[in-house]
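Here is target07.csv, consisting of CSV, C-alpha atoms:
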```
chain,number,residue,atom,x,y,z
Y,1,MET,CA,0.0,0.0,0.0
Y,2,PRO,CA,2.7,2.6,0.8
Y,3,GLY,CA,4.4,1.8,-2.5
Y,4,GLU,CA,1.2,2.2,-4.5
Y,5,SER,CA,0.4,5.5,-2.9
Y,6,GLY,CA,3.9,6.6,-3.8
Y,7,LYS,CA,3.3,5.7,-7.5
Y,8,ARG,CA,0.1,7.6,-7.5
Y,9,LEU,CA,1.8,10.7,-6.2
Y,10,LEU,CA,4.4,10.3,-8.9
Y,11,ASN,CA,1.7,10.0,-11.5
Y,12,GLN,CA,0.1,13.1,-10.3
Y,13,GLU,CA,3.4,15.0,-10.5
Y,14,GLU,CA,4.1,13.8,-14.1
Y,15,PHE,CA,0.7,14.0,-15.6
Y,16,PRO,CA,-2.2,16.3,-15.2
Y,17,PRO,CA,-4.7,14.6,-12.9
Y,18,ASP,CA,-7.5,12.9,-14.8
Y,19,PRO,CA,-10.8,14.2,-13.6
Y,20,ASP,CA,-12.5,10.8,-13.9
Y,21,LEU,CA,-9.8,8.9,-12.1
Y,22,GLU,CA,-9.0,11.6,-9.6
Y,23,PRO,CA,-11.3,10.3,-6.8
Y,24,GLY,CA,-9.9,6.8,-7.1
Y,25,PHE,CA,-6.3,7.9,-7.1
Y,26,ALA,CA,-6.6,10.2,-4.2
Y,27,PRO,CA,-4.1,9.1,-1.5
Y,28,GLU,CA,-6.4,10.1,1.3
Y,29,TYR,CA,-9.9,8.5,1.5
Y,30,ASP,CA,-12.7,10.9,1.6
Y,31,PRO,CA,-15.0,9.8,4.5
Y,32,GLY,CA,-18.0,10.5,2.3
Y,33,GLN,CA,-17.1,7.8,-0.4
Y,34,PRO,CA,-16.4,4.5,1.4
Y,35,PRO,CA,-19.1,2.4,-0.4
Y,36,GLU,CA,-17.6,3.1,-3.8
Y,37,GLU,CA,-14.0,2.3,-2.9
Y,38,PRO,CA,-14.2,-1.6,-2.7
Y,39,GLY,CA,-15.9,-1.8,-6.1
Y,40,GLU,CA,-13.2,0.3,-7.8
Y,41,GLU,CA,-10.2,-1.2,-6.2
Y,42,PRO,CA,-9.9,-4.5,-8.0
Y,43,LYS,CA,-10.6,-2.9,-11.4
Y,44,ARG,CA,-7.7,-0.6,-11.2
Y,45,PRO,CA,-4.9,-2.9,-12.5
Y,46,GLU,CA,-6.8,-3.4,-15.7
Y,47,LEU,CA,-7.2,0.3,-16.4
Y,48,PRO,CA,-4.9,1.4,-19.2
Y,49,HIS,CA,-1.9,3.2,-17.9
Y,50,PRO,CA,-1.5,6.7,-19.3
Y,51,GLY,CA,2.1,6.1,-20.2
Y,52,GLY,CA,2.3,2.5,-21.5
Y,53,PRO,CA,0.5,0.5,-24.3
Y,54,PRO,CA,0.3,-3.0,-22.7
Y,55,ALA,CA,-3.5,-3.6,-23.0
Y,56,PRO,CA,-4.0,-4.6,-26.7
Y,57,LYS,CA,-1.1,-7.1,-26.7
Y,58,ARG,CA,-3.0,-10.0,-25.3
Y,59,VAL,CA,-5.6,-10.0,-28.0
Y,60,GLN,CA,-2.9,-10.0,-30.7
Y,61,GLY,CA,-1.2,-13.0,-29.2
Y,62,GLN,CA,-4.2,-15.2,-29.5
Y,63,ARG,CA,-4.9,-14.4,-33.1
Y,64,LYS,CA,-1.3,-15.0,-34.1
Y,65,GLU,CA,-1.5,-18.4,-32.4
Y,66,SER,CA,-4.4,-19.6,-34.5
Y,67,MET,CA,-2.8,-18.3,-37.7
Y,68,GLN,CA,0.3,-20.3,-36.9
Y,69,ALA,CA,-1.7,-23.5,-36.4
Y,70,LEU,CA,-3.3,-23.0,-39.8
Y,71,LYS,CA,0.1,-22.5,-41.4
Y,72,GLU,CA,1.9,-25.4,-39.8
Y,73,LEU,CA,-0.6,-28.3,-40.4
Y,74,GLY,CA,-1.8,-30.0,-43.5
Y,75,THR,CA,-4.5,-32.1,-42.0
Y,76,ASN,CA,-7.5,-31.0,-44.0
Y,77,THR,CA,-8.4,-28.0,-46.1
Y,78,LEU,CA,-11.2,-25.6,-45.4
Y,79,PRO,CA,-12.7,-23.3,-48.0
Y,80,GLU,CA,-12.6,-19.6,-47.6
Y,81,ILE,CA,-15.5,-18.3,-45.6
Y,82,LYS,CA,-17.2,-17.1,-48.8
Y,83,SER,CA,-17.3,-20.5,-50.5
Y,84,ASN,CA,-20.5,-22.4,-50.3
Y,85,ILE,CA,-18.7,-25.7,-51.1
Y,86,HIS,CA,-16.8,-27.7,-48.6
Y,87,CYS,CA,-14.0,-29.9,-49.7
Y,88,LEU,CA,-13.6,-33.2,-47.8
Y,89,THR,CA,-10.3,-34.9,-48.5
Y,90,ILE,CA,-9.9,-38.6,-47.8
Y,91,VAL,CA,-6.3,-39.7,-48.2
Y,92,GLY,CA,-4.0,-42.5,-47.3
Y,93,GLN,CA,-5.4,-45.2,-45.0
Y,94,ILE,CA,-8.8,-44.7,-43.4
Y,95,GLU,CA,-7.9,-45.2,-39.8
Y,96,GLY,CA,-10.1,-47.5,-37.7
Y,97,HIS,CA,-10.2,-48.1,-34.0
Y,98,LEU,CA,-6.5,-48.5,-33.7
Y,99,VAL,CA,-4.0,-45.8,-34.3
Y,100,LEU,CA,-1.8,-46.8,-37.2
Y,101,PRO,CA,2.0,-46.4,-37.1
Y,102,PRO,CA,3.2,-43.0,-38.2
Y,103,GLN,CA,4.5,-44.0,-41.6
Y,104,ASN,CA,0.8,-44.2,-42.7
Y,105,LYS,CA,-1.0,-41.1,-43.8
Y,106,THR,CA,-4.4,-41.5,-42.2
Y,107,THR,CA,-7.9,-40.1,-42.4
Y,108,LYS,CA,-9.3,-40.0,-38.9
Y,109,TYR,CA,-13.0,-40.9,-38.7
Y,110,GLU,CA,-13.5,-39.4,-35.3
Y,111,HIS,CA,-12.9,-36.0,-36.7
Y,112,LEU,CA,-14.6,-36.5,-40.0
Y,113,LEU,CA,-17.9,-37.8,-38.7
Y,114,PRO,CA,-18.8,-34.7,-36.5
Y,115,GLN,CA,-17.4,-32.5,-39.4
Y,116,LEU,CA,-20.1,-34.1,-41.6
Y,117,VAL,CA,-22.7,-33.2,-39.0
Y,118,ALA,CA,-21.5,-29.6,-39.1
Y,119,LEU,CA,-21.7,-29.6,-42.9
Y,120,GLU,CA,-25.2,-30.9,-42.8
Y,121,GLN,CA,-26.4,-28.2,-40.4
Y,122,SER,CA,-24.3,-25.3,-41.4
Y,123,PRO,CA,-26.4,-22.8,-43.4
Y,124,GLU,CA,-23.4,-21.4,-45.3
Y,125,ILE,CA,-22.4,-24.7,-46.9
Y,126,GLU,CA,-24.6,-25.8,-49.8
Y,127,GLY,CA,-22.6,-28.7,-51.3
Y,128,VAL,CA,-19.8,-31.1,-50.4
Y,129,LEU,CA,-17.0,-32.2,-52.7
Y,130,VAL,CA,-15.3,-35.4,-51.6
Y,131,VAL,CA,-11.8,-35.7,-52.9
Y,132,LEU,CA,-10.4,-39.3,-52.7
Y,133,ASN,CA,-6.9,-40.6,-53.0
Y,134,THR,CA,-7.0,-43.5,-50.6
Y,135,VAL,CA,-5.6,-47.0,-50.4
Y,136,GLY,CA,-8.5,-48.3,-48.3
Y,137,GLY,CA,-8.4,-49.0,-44.6
Y,138,ASP,CA,-10.7,-50.1,-41.8
Y,139,VAL,CA,-14.0,-51.5,-42.9
Y,140,GLU,CA,-16.1,-50.0,-40.1
Y,141,ALA,CA,-14.6,-46.5,-40.4
Y,142,GLY,CA,-14.9,-46.5,-44.1
Y,143,LEU,CA,-18.5,-47.6,-44.1
Y,144,ALA,CA,-19.2,-45.0,-41.3
Y,145,ILE,CA,-17.9,-42.2,-43.5
Y,146,ALA,CA,-19.6,-43.5,-46.6
Y,147,GLU,CA,-23.0,-43.7,-44.8
Y,148,MET,CA,-22.6,-40.2,-43.5
Y,149,ILE,CA,-21.9,-38.8,-46.9
Y,150,ALA,CA,-24.8,-40.8,-48.4
Y,151,GLY,CA,-27.1,-39.5,-45.7
Y,152,LEU,CA,-26.3,-35.8,-46.3
Y,153,SER,CA,-29.3,-33.8,-47.5
Y,154,LYS,CA,-27.0,-31.4,-49.4
Y,155,PRO,CA,-25.7,-32.2,-52.9
Y,156,THR,CA,-22.5,-34.3,-52.8
Y,157,VAL,CA,-20.0,-35.0,-55.6
Y,158,SER,CA,-17.0,-37.3,-55.2
Y,159,ILE,CA,-13.9,-37.4,-57.3
Y,160,VAL,CA,-11.4,-40.2,-57.4
Y,161,LEU,CA,-8.0,-38.8,-58.2
Y,162,GLY,CA,-5.0,-41.2,-57.9
Y,163,GLY,CA,-6.8,-44.2,-56.4
Y,164,GLY,CA,-9.8,-45.2,-54.5
Y,165,HIS,CA,-9.1,-48.8,-53.5
Y,166,SER,CA,-11.0,-51.3,-51.4
Y,167,ILE,CA,-12.9,-49.4,-48.8
Y,168,GLY,CA,-12.4,-46.3,-50.8
Y,169,VAL,CA,-14.9,-47.7,-53.3
Y,170,PRO,CA,-18.0,-47.4,-51.0
Y,171,VAL,CA,-16.8,-43.9,-50.1
Y,172,ALA,CA,-16.5,-42.9,-53.7
Y,173,VAL,CA,-20.0,-44.2,-54.6
Y,174,SER,CA,-21.6,-42.7,-51.5
Y,175,ALA,CA,-21.8,-39.3,-53.1
Y,176,ARG,CA,-24.8,-38.5,-55.3
Y,177,TYR,CA,-22.6,-38.1,-58.3
Y,178,SER,CA,-19.2,-39.5,-58.8
Y,179,PHE,CA,-16.2,-38.7,-61.0
Y,180,ILE,CA,-13.0,-40.5,-61.7
Y,181,THR,CA,-10.0,-39.1,-63.5
Y,182,HIS,CA,-8.7,-40.8,-66.6
Y,183,THR,CA,-5.7,-42.3,-64.8
Y,184,ALA,CA,-7.1,-43.0,-61.4
Y,185,SER,CA,-7.5,-46.7,-60.4
Y,186,MET,CA,-9.8,-48.6,-58.2
Y,187,THR,CA,-9.0,-52.0,-56.8
Y,188,ILE,CA,-11.8,-54.4,-56.1
Y,189,HIS,CA,-10.8,-57.4,-54.1
Y,190,PRO,CA,-12.1,-59.6,-51.4
Y,191,ILE,CA,-11.6,-58.7,-47.7
Y,192,ARG,CA,-8.5,-60.5,-46.6
Y,193,LEU,CA,-8.0,-62.4,-43.4
Y,194,ASN,CA,-6.5,-60.1,-40.7
Y,195,GLY,CA,-7.5,-59.1,-37.2
Y,196,LEU,CA,-8.5,-61.7,-34.8
Y,197,ILE,CA,-8.6,-65.0,-36.7
Y,198,ILE,CA,-9.8,-68.3,-35.3
Y,199,GLY,CA,-9.7,-71.2,-37.6
Y,200,VAL,CA,-13.3,-72.2,-37.4
Y,201,PRO,CA,-16.2,-72.0,-40.0
Y,202,GLN,CA,-17.6,-69.0,-38.0
Y,203,THR,CA,-14.6,-66.9,-39.0
Y,204,TRP,CA,-15.3,-67.6,-42.7
Y,205,GLU,CA,-19.0,-66.7,-42.2
Y,206,TYR,CA,-18.0,-63.5,-40.3
Y,207,LEU,CA,-15.7,-62.4,-43.2
Y,208,GLU,CA,-18.5,-63.2,-45.6
Y,209,LYS,CA,-20.8,-61.0,-43.6
Y,210,MET,CA,-18.3,-58.1,-43.5
Y,211,GLN,CA,-17.9,-58.5,-47.3
Y,212,ASP,CA,-21.7,-58.4,-47.8
Y,213,ARG,CA,-21.9,-55.1,-45.9
Y,214,VAL,CA,-19.5,-53.5,-48.3
Y,215,VAL,CA,-21.0,-55.1,-51.5
Y,216,ARG,CA,-24.5,-54.2,-50.5
Y,217,PHE,CA,-23.6,-50.6,-49.9
Y,218,ILE,CA,-21.8,-50.3,-53.3
Y,219,VAL,CA,-24.7,-51.9,-55.2
Y,220,GLU,CA,-27.3,-49.7,-53.5
Y,221,HIS,CA,-25.3,-46.5,-54.3
Y,222,SER,CA,-24.2,-47.1,-57.8
Y,223,ARG,CA,-25.5,-48.6,-61.1
Y,224,ILE,CA,-23.4,-51.8,-60.8
Y,225,SER,CA,-25.2,-55.1,-60.3
Y,226,GLU,CA,-24.2,-57.4,-57.4
Y,227,ALA,CA,-23.4,-60.3,-59.7
Y,228,ALA,CA,-21.1,-58.1,-61.8
Y,229,PHE,CA,-19.4,-56.7,-58.7
Y,230,ARG,CA,-18.8,-60.1,-57.2
Y,231,GLU,CA,-17.4,-61.4,-60.5
Y,232,MET,CA,-14.8,-58.6,-60.5
Y,233,MET,CA,-14.0,-59.2,-56.9
Y,234,PHE,CA,-13.2,-62.8,-57.3
Y,235,ARG,CA,-11.6,-62.6,-60.8
Y,236,SER,CA,-8.2,-64.3,-61.0
Y,237,GLY,CA,-5.3,-63.4,-63.1
Y,238,GLU,CA,-5.5,-59.6,-62.9
Y,239,LEU,CA,-3.6,-59.0,-59.6
Y,240,ALA,CA,-0.3,-60.5,-58.9
Y,241,ARG,CA,-0.7,-61.1,-55.2
Y,242,ASP,CA,-4.4,-61.3,-54.9
Y,243,ILE,CA,-7.6,-62.1,-56.7
Y,244,GLY,CA,-9.7,-59.2,-57.9
Y,245,THR,CA,-9.8,-56.5,-60.5
Y,246,VAL,CA,-8.2,-53.1,-61.1
Y,247,LEU,CA,-10.4,-50.6,-62.8
Y,248,ILE,CA,-8.8,-47.6,-64.5
Y,249,GLY,CA,-10.6,-44.4,-65.3
Y,250,ARG,CA,-13.2,-45.2,-68.0
Y,251,GLU,CA,-13.5,-48.9,-67.0
Y,252,ALA,CA,-15.0,-47.8,-63.7
Y,253,VAL,CA,-17.6,-45.8,-65.6
Y,254,GLU,CA,-18.3,-48.6,-68.1
Y,255,CYS,CA,-19.1,-51.1,-65.4
Y,256,GLY,CA,-21.5,-48.6,-63.7
Y,257,LEU,CA,-19.5,-48.1,-60.5
Y,258,ILE,CA,-18.7,-44.4,-61.2
Y,259,ASP,CA,-20.9,-41.9,-63.1
Y,260,GLU,CA,-18.5,-40.0,-65.2
Y,261,VAL,CA,-14.9,-39.6,-66.2
Y,262,GLY,CA,-13.7,-36.1,-65.3
Y,263,SER,CA,-11.5,-33.9,-63.2
Y,264,VAL,CA,-12.0,-31.1,-60.7
Y,265,GLY,CA,-13.5,-28.7,-63.2
Y,266,GLN,CA,-16.3,-31.0,-64.2
Y,267,ALA,CA,-16.8,-32.0,-60.5
Y,268,VAL,CA,-17.2,-28.5,-59.3
Y,269,SER,CA,-19.5,-27.4,-62.1
Y,270,LYS,CA,-21.6,-30.5,-61.6
Y,271,LEU,CA,-21.8,-29.7,-57.9
Y,272,LYS,CA,-22.8,-26.1,-58.6
Y,273,ALA,CA,-25.5,-27.3,-61.0
Y,274,MET,CA,-26.8,-29.7,-58.4
Y,275,ILE,CA,-26.9,-26.9,-55.8
Y,276,GLU,CA,-28.9,-24.7,-58.2
Y,277,GLU,CA,-31.3,-27.6,-58.9
Y,278,GLN,CA,-31.8,-28.2,-55.1
Y,279,LYS,CA,-32.5,-24.5,-54.6
Y,280,GLN,CA,-35.1,-24.5,-57.3
Y,281,ASN,CA,-36.8,-27.7,-56.0
Y,282,ALA,CA,-36.9,-26.2,-52.5
Y,283,GLY,CA,-38.4,-23.0,-53.9
Y,284,ALA,CA,-41.1,-24.7,-56.0
Y,285,PRO,CA,-43.6,-25.9,-53.3
Y,286,ALA,CA,-43.5,-22.7,-51.3
L,287,MET,CA,-10.6,-54.2,-36.8
L,288,ILE,CA,-10.5,-55.5,-40.3
L,289,LEU,CA,-8.3,-53.7,-42.8
L,290,TYR,CA,-9.6,-53.7,-46.3
L,291,THR,CA,-6.7,-52.4,-48.4
L,292,PRO,CA,-4.5,-53.5,-51.3
L,293,MET,CA,-1.5,-52.5,-49.4
L,294,PRO,CA,0.5,-55.3,-47.9
L,295,LEU,CA,-0.4,-55.7,-44.3
L,296,GLU,CA,3.3,-55.9,-43.2
L,297,LEU,CA,3.8,-52.4,-44.7
L,298,VAL,CA,0.8,-50.9,-43.0
L,299,THR,CA,1.5,-52.3,-39.6
L,300,GLU,CA,5.3,-51.9,-39.6
L,301,GLY,CA,6.5,-50.5,-36.4
L,302,PHE,CA,3.2,-51.2,-34.7
L,303,GLU,CA,4.9,-53.0,-31.8
L,304,GLU,CA,7.4,-50.1,-31.1
L,305,MET,CA,4.8,-47.5,-31.2
L,306,LYS,CA,4.7,-45.4,-28.0
L,307,GLN,CA,1.4,-44.1,-26.7
L,308,PRO,CA,1.9,-40.3,-26.3
L,309,VAL,CA,1.0,-38.9,-22.9
L,310,THR,CA,-2.3,-37.1,-23.4
L,311,ARG,CA,-4.5,-35.1,-21.2
L,312,LEU,CA,-7.8,-33.3,-21.3
L,313,VAL,CA,-7.7,-29.5,-21.4
L,314,PHE,CA,-10.4,-26.9,-21.9
L,315,TRP,CA,-9.4,-24.4,-24.5
L,316,GLU,CA,-11.8,-21.4,-24.6
L,317,GLY,CA,-14.3,-23.8,-23.1
L,318,ILE,CA,-13.8,-26.5,-25.8
L,319,PRO,CA,-12.7,-29.8,-24.4
L,320,LEU,CA,-9.6,-31.1,-26.2
L,321,ILE,CA,-7.4,-34.1,-25.7
L,322,ILE,CA,-3.9,-32.8,-26.3
L,323,GLU,CA,-0.4,-34.1,-26.3
L,324,ASP,CA,1.9,-31.9,-24.3
L,325,THR,CA,4.7,-30.4,-26.3
L,326,GLY,CA,6.1,-28.2,-23.5
L,327,SER,CA,6.1,-24.5,-22.7
L,328,GLY,CA,2.4,-24.2,-22.4
L,329,ARG,CA,1.6,-25.6,-25.8
L,330,GLY,CA,0.0,-28.8,-26.8
L,331,ARG,CA,-0.8,-30.7,-30.0
L,332,VAL,CA,-4.5,-31.5,-30.5
L,333,VAL,CA,-5.1,-35.3,-30.6
L,334,ARG,CA,-8.8,-35.2,-30.6
L,335,LEU,CA,-11.7,-32.9,-30.0
L,336,LEU,CA,-14.4,-33.8,-27.5
L,337,SER,CA,-16.7,-31.0,-28.2
L,338,THR,CA,-20.4,-31.6,-28.8
L,339,GLU,CA,-20.7,-28.5,-30.9
L,340,PRO,CA,-20.4,-29.5,-34.6
L,341,GLU,CA,-19.1,-26.1,-35.7
L,342,ASP,CA,-16.0,-26.7,-33.6
L,343,TYR,CA,-15.0,-29.5,-36.0
L,344,LEU,CA,-14.8,-27.1,-38.9
L,345,ARG,CA,-12.4,-24.8,-37.0
L,346,THR,CA,-9.0,-24.8,-38.8
L,347,ASP,CA,-7.1,-24.0,-35.6
L,348,LEU,CA,-8.5,-27.1,-33.8
L,349,PHE,CA,-7.8,-29.9,-36.3
L,350,PRO,CA,-6.0,-32.9,-34.9
L,351,GLY,CA,-2.3,-32.0,-35.1
L,352,ALA,CA,-2.9,-28.3,-34.6
L,353,VAL,CA,-0.8,-26.6,-31.8
L,354,VAL,CA,-2.7,-24.7,-29.2
L,355,ARG,CA,-1.6,-22.7,-26.3
L,356,TYR,CA,-3.5,-23.4,-23.1
```
Representation of the structure as structure tokens:
Amino acid sequence: MPGESGKRLLNQEEFPPDPDLEPGFAPEYDPGQPPEEPGEEPKRPELPHPGGPPAPKRVQGQRKESMQALKELGTNTLPEIKSNIHCLTIVGQIEGHLVLPPQNKTTKYEHLLPQLVALEQSPEIEGVLVVLNTVGGDVEAGLAIAEMIAGLSKPTVSIVLGGGHSIGVPVAVSARYSFITHTASMTIHPIRLNGLIIGVPQTWEYLEKMQDRVVRFIVEHSRISEAAFREMMFRSGELARDIGTVLIGREAVECGLIDEVGSVGQAVSKLKAMIEEQKQNAGAPA
Amino acid sequence: MILYTPMPLELVTEGFEEMKQPVTRLVFWEGIPLIIEDTGSGRGRVVRLLSTEPEDYLRTDLFPGAVVRY
């Protein structure tokens, strides 16, 4: 207290006394003002000092921090605030319930699923573009993402760039309209034995069931028939280490799995057309 | 967990045994619950968001891997 009153005296000497602050800074308490004093006391350190500029610094620090996080990390891309399209990138391995070793590039479903919820309810976002370059991954996580994309009420367009293999196939067909580039490939093969394996007939039946989930989803969300898809899945002689088929660009369209061959330009203009269509349909009954 | 991928399983799971679980903890950053991995000096790398607000998952400064000061 004695130090503080000393400072106040110094302030009063250096600067002309501020009429607003004057009663609070008075070293001697006026007997008429005691009820006001306790209320003003704790506020005083936050009042801007007449000599120094320390107050705005704190605000700047936080903004810088968020900008830095944006610059450092390449997890996912967000459009500018003005864009009405959200770009959802699915890359590398789709990670399941176990964290994969760090050499894998992974898509994390626990972040993607609530993100899709946000996309569904956000009024600014009118369409979703799903960009795929994936080597597959966990069956459950892949199907979860695919089901979420298929369930969106907003227009969705997917585009397979380098590859959309295995569990990437249901994700690619989950969008309302799908594109594949000329050079992109999609591998269709049976689900292999991994995970907890017990050599009993039930294991085989379980794998069969897992496979049916994937096949059913693909058949429901694309123009391919179940028989044709299964035939490609169990074809021998195409893959060196496995049975199955590799579809490249146009082949995926010809068999009915993907809707059109095209790249990002076609995909975005298709999505914009779909958004327009949705707007008109929404406006019609009203 | 069943992996459905054309990549050889040995390649995907290489180093799985040696993987160390990072020490994580729960913090509240501006009221948003986050699981972070401590990187020292008051900063942490986001491992997972626990928020129930969907909009938080669109924030570019809170993606998994983002560094936050808490």
Just the residues within 9 Å of Leu344 in chain L, please, counting all atoms listed in the file, with nothing from its chain fewer than 6 positions along; format it as a VMD selection string. chain Y and resid 78 114 to 115 118 to 119
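Remark: residues at most 10 Å from position (-0.3, -27.9, -23.4) in file coordinates are Thr310, Arg311, Leu312, Val313, Trp315, Ile321, Ile322, Glu323, Asp324, Thr325, Gly326, Ser327, Gly328, Arg329, Gly330, Arg331, Val332, Val353, Val354, Arg355 and Tyr356 of chain L, using all atoms listed in the file.
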Work out how far CA of Lys272 in chain Y is from CA of Ile94 in chain Y, in Å to one decimal. 27.8 Å
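Each of Y:Val117, Y:Ile159, Y:Leu271, Y:Leu207 was compared to Leu289 in chain L using all atoms listed in the file, and Y:Leu207 turns out to be the nearest.
Note that CA of Ile125 in chain Y and CA of Gln280 in chain Y are 16.4 Å apart.
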For Lys306 in chain L, the closest of Y:Val91, Y:Leu100, Y:Ile191, Y:Val214 counting all atoms listed in the file is Y:Leu100
Is it possible to get the residues within 9 Å of (-6.2, -35.5, -37.6) (coordinates as in the file, counting all atoms listed in the file) written as a ChimeraX atom specification? /Y:75-76,106-112 /L:332-334,349-352
Go through chain L residue by residue and, counting only C-alpha atoms, keep those with an atom at most 10 Å from chain Y; for each kept residue give the shortest atom pair and its distance in Å to one decimal, ordered by chain and increasing number, as a tab-separated table.
```
residue	atom	partner	partner_atom	distance
L:Met287	CA	Y:Gly195	CA	5.8
L:Ile288	CA	Y:Asp138	CA	5.6
L:Leu289	CA	Y:Asp138	CA	4.4
L:Tyr290	CA	Y:Gly137	CA	5.1
L:Thr291	CA	Y:Gly136	CA	4.5
L:Pro292	CA	Y:Val135	CA	6.7
L:Met293	CA	Y:Val135	CA	6.9
L:Pro294	CA	Y:Arg241	CA	9.4
L:Leu295	CA	Y:Asn194	CA	8.3
L:Leu297	CA	Y:Asn104	CA	9.0
L:Val298	CA	Y:Asn104	CA	6.7
L:Thr299	CA	Y:Pro101	CA	6.4
L:Glu300	CA	Y:Pro101	CA	6.9
L:Gly301	CA	Y:Pro101	CA	6.1
L:Phe302	CA	Y:Pro101	CA	5.5
L:Glu303	CA	Y:Pro101	CA	8.9
L:Glu304	CA	Y:Pro101	CA	8.9
L:Met305	CA	Y:Pro101	CA	6.6
L:Lys306	CA	Y:Pro101	CA	9.5
L:Gln307	CA	Y:Val99	CA	9.5
L:Arg331	CA	Y:Ala69	CA	9.7
L:Val333	CA	Y:His111	CA	9.9
L:Arg334	CA	Y:His111	CA	7.4
L:Leu335	CA	Y:His111	CA	7.5
L:Leu336	CA	Y:His111	CA	9.6
L:Ser337	CA	Y:Pro114	CA	9.3
L:Thr338	CA	Y:Pro114	CA	8.5
L:Glu339	CA	Y:Ala118	CA	8.3
L:Pro340	CA	Y:Ala118	CA	4.6
L:Glu341	CA	Y:Ala118	CA	5.4
L:Asp342	CA	Y:Ala118	CA	8.3
L:Tyr343	CA	Y:Gln115	CA	5.1
L:Leu344	CA	Y:Gln115	CA	6.0
L:Arg345	CA	Y:Leu78	CA	8.5
L:Thr346	CA	Y:Leu70	CA	6.1
L:Asp347	CA	Y:Ser66	CA	5.3
L:Leu348	CA	Y:Ala69	CA	8.1
L:Phe349	CA	Y:Thr75	CA	6.9
L:Pro350	CA	Y:Thr75	CA	7.3
L:Gly351	CA	Y:Leu73	CA	6.7
L:Ala352	CA	Y:Ala69	CA	5.3
L:Val353	CA	Y:Ala69	CA	5.6
L:Val354	CA	Y:Glu65	CA	7.2
L:Arg355	CA	Y:Glu65	CA	7.5
```
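Interatomic distance, CA of Glu126 in chain Y against CA of Asn281 in chain Y: 13.8 Å.
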Using all atoms listed in the file, which protein or nucleic acid residues come within 12 Å of Ala150 in chain Y? Drop anything in the same chain fewer than 2 positions from it, and give the result as a ChimeraX atom specification. /Y:116,120,128,130,143-148,152-158,170-178,217-218,220-222
Would you mind putting N, CA and C atoms back on range 94-107 of chain Y and writing the result as an mmCIF file, keeping the file's coordinate frame?
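Once written, part_20.cif looks like this:
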```cif
data_model
loop_
_atom_site.group_PDB
_atom_site.id
_atom_site.type_symbol
_atom_site.label_atom_id
_atom_site.label_comp_id
_atom_site.auth_asym_id
_atom_site.auth_seq_id
_atom_site.Cartn_x
_atom_site.Cartn_y
_atom_site.Cartn_z
ATOM 1 N N ILE Y 94 -7.718 -45.127 -44.292
ATOM 2 C CA ILE Y 94 -8.800 -44.700 -43.400
ATOM 3 C C ILE Y 94 -8.595 -45.429 -42.099
ATOM 4 N N GLU Y 95 -8.308 -44.653 -41.074
ATOM 5 C CA GLU Y 95 -7.900 -45.200 -39.800
ATOM 6 C C GLU Y 95 -9.132 -45.755 -39.042
ATOM 7 N N GLY Y 96 -8.967 -46.923 -38.462
ATOM 8 C CA GLY Y 96 -10.100 -47.500 -37.700
ATOM 9 C C GLY Y 96 -9.914 -47.263 -36.220
ATOM 10 N N HIS Y 97 -10.235 -48.272 -35.427
ATOM 11 C CA HIS Y 97 -10.200 -48.100 -34.000
ATOM 12 C C HIS Y 97 -8.840 -48.162 -33.373
ATOM 13 N N LEU Y 98 -7.862 -48.533 -34.178
ATOM 14 C CA LEU Y 98 -6.500 -48.500 -33.700
ATOM 15 C C LEU Y 98 -5.706 -47.472 -34.426
ATOM 16 N N VAL Y 99 -4.852 -46.780 -33.687
ATOM 17 C CA VAL Y 99 -4.000 -45.800 -34.300
ATOM 18 C C VAL Y 99 -2.917 -46.483 -35.092
ATOM 19 N N LEU Y 100 -2.783 -46.158 -36.371
ATOM 20 C CA LEU Y 100 -1.800 -46.800 -37.200
ATOM 21 C C LEU Y 100 -0.407 -46.207 -36.992
ATOM 22 N N PRO Y 101 0.651 -46.979 -37.254
ATOM 23 C CA PRO Y 101 2.000 -46.400 -37.100
ATOM 24 C C PRO Y 101 2.195 -45.179 -37.972
ATOM 25 N N PRO Y 102 3.110 -44.299 -37.547
ATOM 26 C CA PRO Y 102 3.200 -43.000 -38.200
ATOM 27 C C PRO Y 102 3.609 -42.943 -39.634
ATOM 28 N N GLN Y 103 4.103 -44.048 -40.208
ATOM 29 C CA GLN Y 103 4.500 -44.000 -41.600
ATOM 30 C C GLN Y 103 3.203 -43.935 -42.522
ATOM 31 N N ASN Y 104 2.052 -44.245 -41.941
ATOM 32 C CA ASN Y 104 0.800 -44.200 -42.700
ATOM 33 C C ASN Y 104 0.232 -42.776 -42.674
ATOM 34 N N LYS Y 105 -0.233 -42.346 -43.838
ATOM 35 C CA LYS Y 105 -1.000 -41.100 -43.800
ATOM 36 C C LYS Y 105 -2.447 -41.592 -43.554
ATOM 37 N N THR Y 106 -3.079 -40.970 -42.608
ATOM 38 C CA THR Y 106 -4.400 -41.500 -42.200
ATOM 39 C C THR Y 106 -5.478 -40.454 -42.250
ATOM 40 N N THR Y 107 -6.671 -40.942 -42.518
ATOM 41 C CA THR Y 107 -7.900 -40.100 -42.400
ATOM 42 C C THR Y 107 -8.552 -40.566 -41.115
#
```
